[in-house]
Amino acid sequence: QCDPTVIYALERIGQYNGNLTRENLRFDSAYNTYRYAGLPPGPIASPGKASLAAAAAPADAPYLYFVSRNDGSHAFATTLDEHNRNVQQFQRQYFSDQRR
């Protein structure tokens, strides 16, 4: 499961507004990795040289989860509980504040 695949699918039809919702995660698309197991049917981006090098020789890190901090950086977590706290802090709270 990966948010960027859903964002890609929504952007393809002009339906992504910058905030991924639970409803979006139910969107029926072969690119939606929340609905369909495995890799999507095609690439969602063209990686640069640094990304390819990082994939070929990944950093030795224990992280399983990541979430955008909405400032160009990410918060990483080793457990689902920690990830859910990060989502609350960096996503739910951020978008709640944006609506005010």
# chains A, B, ... in the order shown; residues from 1 in each chain; ligands from 1
call {"tool": "residues_around", "arguments": {"residues": "range 34-42 of chain A", "least_positions_apart": "3", "cutoff": "7 Å", "atoms": "only C-alpha atoms", "output": "list in words"}}
result
Gln1, Leu25, Arg26, Ala30 and Tyr31 of chain A
call {"tool": "select_by_dssp", "arguments": {"residues": "range 18-99 of chain A", "states": "strand (DSSP E or B)", "output": "MDAnalysis selection string"}}
result
chainID A and resid 65:68 74:77
call {"tool": "write_last_selection", "arguments": {"atoms": "C-alpha atoms", "output": "mmCIF file, in the first residue's frame"}}
result
data_model
loop_
_atom_site.group_PDB
_atom_site.id
_atom_site.type_symbol
_atom_site.label_atom_id
_atom_site.label_comp_id
_atom_site.auth_asym_id
_atom_site.auth_seq_id
_atom_site.Cartn_x
_atom_site.Cartn_y
_atom_site.Cartn_z
ATOM 1 C CA TYR A 65 6.672 3.754 7.177
ATOM 2 C CA PHE A 66 6.892 7.359 6.055
ATOM 3 C CA VAL A 67 4.578 10.355 5.845
ATOM 4 C CA SER A 68 4.975 13.826 4.366
ATOM 5 C CA HIS A 74 9.214 13.172 5.636
ATOM 6 C CA ALA A 75 8.734 11.614 9.070
ATOM 7 C CA PHE A 76 9.858 7.986 9.240
ATOM 8 C CA ALA A 77 8.649 5.301 11.658
#
call {"tool": "residues_around", "arguments": {"residues": "range 43-50 of chain A", "least_positions_apart": "5", "cutoff": "10 Å", "atoms": "only C-alpha atoms", "output": "NGL selection string"}}
result
:A and (4-9 or 31 or 55-56)
call {"tool": "write_last_selection", "arguments": {"atoms": "C-alpha atoms", "output": "PDB file, in the first residue's frame"}}
result
ATOM      1  CA  PRO A   4       1.694   8.031  -4.192  1.00  0.00           C
ATOM      2  CA  THR A   5       0.109   5.360  -6.407  1.00  0.00           C
ATOM      3  CA  VAL A   6      -3.370   6.584  -5.441  1.00  0.00           C
ATOM      4  CA  ILE A   7      -2.330  10.211  -5.902  1.00  0.00           C
ATOM      5  CA  TYR A   8      -1.021   9.336  -9.368  1.00  0.00           C
ATOM      6  CA  ALA A   9      -4.327   7.683 -10.309  1.00  0.00           C
ATOM      7  CA  TYR A  31      -2.831   2.006  -9.739  1.00  0.00           C
ATOM      8  CA  ALA A  55      17.308   1.789  -4.664  1.00  0.00           C
ATOM      9  CA  ALA A  56      20.333  -0.249  -5.747  1.00  0.00           C
TER      10      ALA A  56
END
call {"tool": "residues_around", "arguments": {"residues": "Asp81 in chain A", "least_positions_apart": "6", "cutoff": "12 Å", "atoms": "only C-alpha atoms", "output": "PDB file with C-alpha atoms, in the first residue's frame"}}
result
ATOM      1  CA  LEU A  64       8.927   0.684   7.389  1.00  0.00           C
ATOM      2  CA  TYR A  65       6.672   3.754   7.177  1.00  0.00           C
ATOM      3  CA  VAL A  87      -0.026  10.879  10.330  1.00  0.00           C
ATOM      4  CA  GLN A  88      -2.053  12.583  13.050  1.00  0.00           C
TER       5      GLN A  88
END
call {"tool": "atom_distance", "arguments": {"atom1": "CA of Gly18 in chain A", "atom2": "CA of Asn86 in chain A"}}
result
17.8 Å
call {"tool": "select_by_dssp", "arguments": {"residues": "chain A", "states": "alpha helix (DSSP H)", "output": "PyMOL selection string"}}
result
chain A and resi 3-12+22-25+49-56+80-87+93-99
call {"tool": "write_last_selection", "arguments": {"atoms": "N, CA and C atoms", "output": "short mmCIF file (atom, residue, chain, number, x, y, z; two decimals), in the first residue's frame"}}
result
data_model
loop_
_atom_site.label_atom_id
_atom_site.label_comp_id
_atom_site.auth_asym_id
_atom_site.auth_seq_id
_atom_site.Cartn_x
_atom_site.Cartn_y
_atom_site.Cartn_z
N ASP A 3 0.54 5.57 -0.77
CA ASP A 3 -0.25 6.76 -1.14
C ASP A 3 0.10 7.33 -2.51
N PRO A 4 1.39 7.42 -2.89
CA PRO A 4 1.69 8.03 -4.19
C PRO A 4 1.04 7.33 -5.38
N THR A 5 0.78 6.03 -5.29
CA THR A 5 0.11 5.36 -6.41
C THR A 5 -1.33 5.84 -6.54
N VAL A 6 -1.99 6.07 -5.42
CA VAL A 6 -3.37 6.58 -5.44
C VAL A 6 -3.37 8.03 -5.94
N ILE A 7 -2.44 8.82 -5.46
CA ILE A 7 -2.33 10.21 -5.90
C ILE A 7 -2.12 10.26 -7.41
N TYR A 8 -1.26 9.39 -7.92
CA TYR A 8 -1.02 9.34 -9.37
C TYR A 8 -2.32 9.04 -10.11
N ALA A 9 -3.07 8.05 -9.65
CA ALA A 9 -4.33 7.68 -10.31
C ALA A 9 -5.32 8.84 -10.29
N LEU A 10 -5.42 9.52 -9.16
CA LEU A 10 -6.34 10.65 -9.04
C LEU A 10 -5.89 11.83 -9.90
N GLU A 11 -4.59 12.08 -9.96
CA GLU A 11 -4.08 13.18 -10.79
C GLU A 11 -4.35 12.94 -12.26
N ARG A 12 -4.30 11.67 -12.68
CA ARG A 12 -4.55 11.33 -14.09
C ARG A 12 -5.94 11.75 -14.54
N ARG A 22 -9.74 9.01 3.06
CA ARG A 22 -10.12 7.60 3.11
C ARG A 22 -10.95 7.22 1.89
N GLU A 23 -11.80 8.14 1.46
CA GLU A 23 -12.60 7.88 0.26
C GLU A 23 -11.70 7.68 -0.96
N ASN A 24 -10.64 8.49 -1.06
CA ASN A 24 -9.69 8.33 -2.17
C ASN A 24 -9.05 6.95 -2.17
N LEU A 25 -8.80 6.40 -0.98
CA LEU A 25 -8.16 5.09 -0.88
C LEU A 25 -9.05 3.97 -1.39
N LYS A 49 18.78 9.79 -11.28
CA LYS A 49 19.98 8.98 -11.03
C LYS A 49 20.16 8.70 -9.54
N ALA A 50 19.95 9.70 -8.69
CA ALA A 50 20.13 9.52 -7.24
C ALA A 50 19.12 8.50 -6.69
N SER A 51 17.91 8.53 -7.20
CA SER A 51 16.89 7.58 -6.74
C SER A 51 17.25 6.16 -7.14
N LEU A 52 17.73 5.99 -8.35
CA LEU A 52 18.15 4.66 -8.81
C LEU A 52 19.32 4.14 -7.98
N ALA A 53 20.28 5.01 -7.69
CA ALA A 53 21.43 4.61 -6.87
C ALA A 53 20.97 4.22 -5.47
N ALA A 54 20.04 4.97 -4.90
CA ALA A 54 19.54 4.67 -3.56
C ALA A 54 18.78 3.35 -3.54
N ALA A 55 18.04 3.06 -4.59
CA ALA A 55 17.31 1.79 -4.66
C ALA A 55 18.27 0.61 -4.81
N ALA A 56 19.35 0.82 -5.54
CA ALA A 56 20.33 -0.25 -5.75
C ALA A 56 21.16 -0.52 -4.49
N LEU A 80 3.76 0.71 13.27
CA LEU A 80 2.51 1.28 12.79
C LEU A 80 1.97 2.31 13.78
N ASP A 81 2.10 2.06 15.07
CA ASP A 81 1.64 3.04 16.07
C ASP A 81 2.37 4.37 15.91
N GLU A 82 3.68 4.31 15.76
CA GLU A 82 4.47 5.52 15.57
C GLU A 82 4.06 6.23 14.27
N HIS A 83 3.85 5.46 13.22
CA HIS A 83 3.41 6.02 11.94
C HIS A 83 2.06 6.72 12.09
N ASN A 84 1.13 6.07 12.78
CA ASN A 84 -0.19 6.67 12.97
C ASN A 84 -0.11 7.99 13.74
N ARG A 85 0.79 8.07 14.71
CA ARG A 85 1.00 9.34 15.42
C ARG A 85 1.55 10.41 14.46
N ASN A 86 2.48 10.01 13.60
CA ASN A 86 3.02 10.94 12.62
C ASN A 86 1.94 11.42 11.65
N VAL A 87 1.08 10.50 11.22
CA VAL A 87 -0.03 10.88 10.33
C VAL A 87 -0.91 11.90 11.03
N GLN A 93 -3.70 17.00 11.35
CA GLN A 93 -3.64 18.31 11.98
C GLN A 93 -3.35 19.40 10.96
N TYR A 94 -2.44 19.13 10.04
CA TYR A 94 -2.09 20.10 9.01
C TYR A 94 -3.31 20.50 8.19
N PHE A 95 -4.06 19.51 7.71
CA PHE A 95 -5.20 19.82 6.86
C PHE A 95 -6.36 20.39 7.67
N SER A 96 -6.46 20.03 8.93
CA SER A 96 -7.45 20.65 9.80
C SER A 96 -7.14 22.14 9.97
N ASP A 97 -5.87 22.46 10.18
CA ASP A 97 -5.45 23.85 10.32
C ASP A 97 -5.67 24.63 9.02
N GLN A 98 -5.52 23.98 7.87
CA GLN A 98 -5.70 24.64 6.58
C GLN A 98 -7.15 25.06 6.36
N ARG A 99 -8.08 24.33 6.96
CA ARG A 99 -9.51 24.62 6.78
C ARG A 99 -9.96 25.80 7.64
#
